[in-house]
file query.cif (mmCIF, C-alpha atoms, pLDDT in the B column; chains and numbers go by the auth columns)
data_data
loop_
_atom_site.group_PDB
_atom_site.id
_atom_site.type_symbol
_atom_site.label_atom_id
_atom_site.label_comp_id
_atom_site.label_asym_id
_atom_site.label_seq_id
_atom_site.Cartn_x
_atom_site.Cartn_y
_atom_site.Cartn_z
_atom_site.B_iso_or_equiv
_atom_site.auth_seq_id
_atom_site.auth_asym_id
ATOM 1 C CA MET A 1 57.761 103.217 137.673 38.00 152 H
ATOM 2 C CA SER A 2 54.365 101.983 136.530 39.00 153 H
ATOM 3 C CA LYS A 3 52.617 99.105 138.227 42.00 154 H
ATOM 4 C CA GLN A 4 52.204 96.159 135.889 41.00 155 H
ATOM 5 C CA ASN A 5 49.424 93.611 135.979 40.00 156 H
ATOM 6 C CA ILE A 6 50.885 90.210 136.876 46.00 157 H
ATOM 7 C CA ASP A 7 48.815 88.530 134.152 48.00 158 H
ATOM 8 C CA SER A 8 49.648 91.136 131.536 44.00 159 H
ATOM 9 C CA PRO A 9 51.705 89.993 128.578 49.00 160 H
ATOM 10 C CA LEU A 10 55.257 91.124 128.037 59.00 161 H
ATOM 11 C CA ARG A 11 56.294 94.077 126.005 69.00 162 H
ATOM 12 C CA ILE A 12 57.338 91.449 123.493 76.00 163 H
ATOM 13 C CA LYS A 13 54.656 91.330 120.821 83.00 164 H
ATOM 14 C CA LEU A 14 54.849 89.007 117.860 88.00 165 H
ATOM 15 C CA SER A 15 53.312 89.957 114.578 93.00 166 H
ATOM 16 C CA SER A 16 50.715 87.551 113.226 94.00 167 H
ATOM 17 C CA ASP A 17 53.112 86.425 110.488 97.00 168 H
ATOM 18 C CA ARG A 18 55.986 85.902 112.937 96.00 169 H
ATOM 19 C CA ARG A 19 53.756 83.952 115.316 95.00 170 H
ATOM 20 C CA THR A 20 52.499 81.741 112.482 96.00 171 H
ATOM 21 C CA THR A 21 56.068 81.093 111.328 97.00 172 H
ATOM 22 C CA LEU A 22 57.245 80.207 114.838 97.00 173 H
ATOM 23 C CA ILE A 23 54.335 77.822 115.377 97.00 174 H
ATOM 24 C CA LYS A 24 55.138 76.139 112.058 97.00 175 H
ATOM 25 C CA LEU A 25 58.818 75.837 113.014 97.00 176 H
ATOM 26 C CA LEU A 26 57.900 74.479 116.432 97.00 177 H
ATOM 27 C CA THR A 27 55.626 71.782 114.988 97.00 178 H
ATOM 28 C CA GLU A 28 58.299 70.832 112.427 97.00 179 H
ATOM 29 C CA PHE A 29 60.998 70.685 115.105 97.00 180 H
ATOM 30 C CA TYR A 30 58.799 68.543 117.329 97.00 181 H
ATOM 31 C CA ALA A 31 57.987 66.137 114.490 97.00 182 H
ATOM 32 C CA GLU A 32 61.651 65.787 113.508 97.00 183 H
ATOM 33 C CA SER A 33 62.993 65.534 117.045 97.00 184 H
ATOM 34 C CA PHE A 34 60.363 63.350 118.683 96.00 185 H
ATOM 35 C CA ASP A 35 58.742 61.645 115.702 94.00 186 H
ATOM 36 C CA GLU A 36 55.335 62.800 116.932 94.00 187 H
ATOM 37 C CA LYS A 37 52.825 65.309 115.669 96.00 188 H
ATOM 38 C CA LEU A 38 52.287 68.446 117.735 96.00 189 H
ATOM 39 C CA SER A 39 48.877 70.046 117.290 96.00 190 H
ATOM 40 C CA GLU A 40 48.667 73.726 116.443 95.00 191 H
ATOM 41 C CA TYR A 41 46.921 74.344 119.769 96.00 192 H
ATOM 42 C CA ARG A 42 49.745 72.721 121.723 97.00 193 H
ATOM 43 C CA ALA A 43 52.357 74.547 119.638 97.00 194 H
ATOM 44 C CA GLU A 44 50.635 77.856 120.433 95.00 195 H
ATOM 45 C CA ARG A 45 50.577 77.020 124.140 96.00 196 H
ATOM 46 C CA LEU A 46 54.273 76.077 124.078 95.00 197 H
ATOM 47 C CA LEU A 47 55.155 79.272 122.237 95.00 198 H
ATOM 48 C CA ASP A 48 53.225 81.340 124.788 92.00 199 H
ATOM 49 C CA PHE A 49 54.996 79.495 127.615 93.00 200 H
ATOM 50 C CA PHE A 50 58.442 80.092 126.102 92.00 201 H
ATOM 51 C CA ILE A 51 57.725 83.758 125.498 91.00 202 H
ATOM 52 C CA LYS A 52 56.437 84.208 129.037 89.00 203 H
ATOM 53 C CA GLN A 53 59.286 82.291 130.680 91.00 204 H
ATOM 54 C CA LEU A 54 62.233 83.143 128.435 91.00 205 H
ATOM 55 C CA GLY A 55 61.151 86.520 127.131 89.00 206 H
ATOM 56 C CA PRO A 56 61.868 88.679 130.202 88.00 207 H
ATOM 57 C CA PRO A 57 65.336 87.277 130.985 91.00 208 H
ATOM 58 C CA LEU A 58 66.400 87.389 127.327 91.00 209 H
ATOM 59 C CA TYR A 59 64.995 90.881 126.900 89.00 210 H
ATOM 60 C CA ASN A 60 66.703 92.097 130.067 91.00 211 H
ATOM 61 C CA GLN A 61 69.991 90.495 129.025 95.00 212 H
ATOM 62 C CA ALA A 62 69.771 92.180 125.626 93.00 213 H
ATOM 63 C CA ILE A 63 69.207 95.541 127.333 94.00 214 H
ATOM 64 C CA ALA A 64 72.170 94.932 129.668 96.00 215 H
ATOM 65 C CA ASP A 65 74.375 93.913 126.723 97.00 216 H
ATOM 66 C CA ALA A 66 73.349 96.998 124.736 96.00 217 H
ATOM 67 C CA ARG A 67 73.993 99.217 127.754 96.00 218 H
ATOM 68 C CA ALA A 68 77.471 97.697 128.256 95.00 219 H
ATOM 69 C CA PHE A 69 78.260 98.072 124.553 94.00 220 H
ATOM 70 C CA MET A 70 77.191 101.716 124.531 93.00 221 H
ATOM 71 C CA PHE A 71 79.114 102.442 127.736 92.00 222 H
ATOM 72 C CA GLU A 72 82.241 100.896 126.191 89.00 223 H
ATOM 73 C CA LYS A 73 81.838 103.050 123.081 87.00 224 H
ATOM 74 C CA LEU A 74 81.359 106.184 125.200 87.00 225 H
ATOM 75 C CA GLU A 75 84.547 105.342 127.092 85.00 226 H
ATOM 76 C CA ASP A 76 86.338 105.037 123.742 80.00 227 H
ATOM 77 C CA LEU A 77 85.312 108.611 122.926 80.00 228 H
ATOM 78 C CA ASP A 78 87.486 109.900 125.748 75.00 229 H
ATOM 79 C CA VAL A 79 90.471 107.876 124.592 74.00 230 H
ATOM 80 C CA GLU A 80 90.175 108.586 120.876 76.00 231 H
ATOM 81 C CA PHE A 81 88.999 112.172 120.795 77.00 232 H
ATOM 82 C CA TYR A 82 90.236 113.792 123.988 74.00 233 H
ATOM 83 C CA GLU A 83 92.218 116.967 123.346 77.00 234 H
ATOM 84 C CA PRO A 84 94.697 117.997 126.022 77.00 235 H
ATOM 85 C CA GLU A 85 94.036 121.493 127.302 79.00 236 H
#
call {"tool": "encode", "arguments": {"input": "query.cif", "output": "structure tokens"}}
result
Amino acid sequence: MSKQNIDSPLRIKLSSDRRTTLIKLLTEFYAESFDEKLSEYRAERLLDFFIKQLGPPLYNQAIADARAFMFEKLEDLDVEFYEPE
């Protein structure tokens, strides 16, 4: 297991286009929900915060869900394709 730098970003990397789109959506959401303008700088900071705080648990949950799904499918192989000897 490799040692990670505490300040290092997640494995989650957003493309420039995706980041721009999310910042736009965040500023639009904020304007509609709170009737206030959110600067691009603040939107970027919020996005970074959400990625840092929500990214790891969501990523880990997705991995756990995928693992459970695959395990279930592997179990089905025994039931569906097992040939008695």
call {"tool": "resolve_selection", "arguments": {"input": "query.cif", "expression": "the PyMOL selection byres ((chain H and resi 168-177) around 9)", "output": "PDB file with C-alpha atoms, in the frame of the given file"}}
result
ATOM      1  CA  LEU H 165      54.849  89.007 117.860  1.00 88.00           C
ATOM      2  CA  SER H 166      53.312  89.957 114.578  1.00 93.00           C
ATOM      3  CA  SER H 167      50.715  87.551 113.226  1.00 94.00           C
ATOM      4  CA  THR H 178      55.626  71.782 114.988  1.00 97.00           C
ATOM      5  CA  GLU H 179      58.299  70.832 112.427  1.00 97.00           C
ATOM      6  CA  PHE H 180      60.998  70.685 115.105  1.00 97.00           C
ATOM      7  CA  TYR H 181      58.799  68.543 117.329  1.00 97.00           C
ATOM      8  CA  ALA H 182      57.987  66.137 114.490  1.00 97.00           C
ATOM      9  CA  LEU H 189      52.287  68.446 117.735  1.00 96.00           C
ATOM     10  CA  GLU H 191      48.667  73.726 116.443  1.00 95.00           C
ATOM     11  CA  ALA H 194      52.357  74.547 119.638  1.00 97.00           C
ATOM     12  CA  GLU H 195      50.635  77.856 120.433  1.00 95.00           C
ATOM     13  CA  LEU H 197      54.273  76.077 124.078  1.00 95.00           C
ATOM     14  CA  LEU H 198      55.155  79.272 122.237  1.00 95.00           C
TER      15      LEU H 198
END
call {"tool": "atom_distance", "arguments": {"input": "query.cif", "atom1": "CA of Asp199 in chain H", "atom2": "CA of Asn211 in chain H"}}
result
18.0 Å
call {"tool": "atom_distance", "arguments": {"input": "query.cif", "atom1": "CA of Glu183 in chain H", "atom2": "CA of Phe201 in chain H"}}
result
19.3 Å
call {"tool": "atom_distance", "arguments": {"input": "query.cif", "atom1": "CA of Pro208 in chain H", "atom2": "CA of Lys164 in chain H"}}
result
15.3 Å
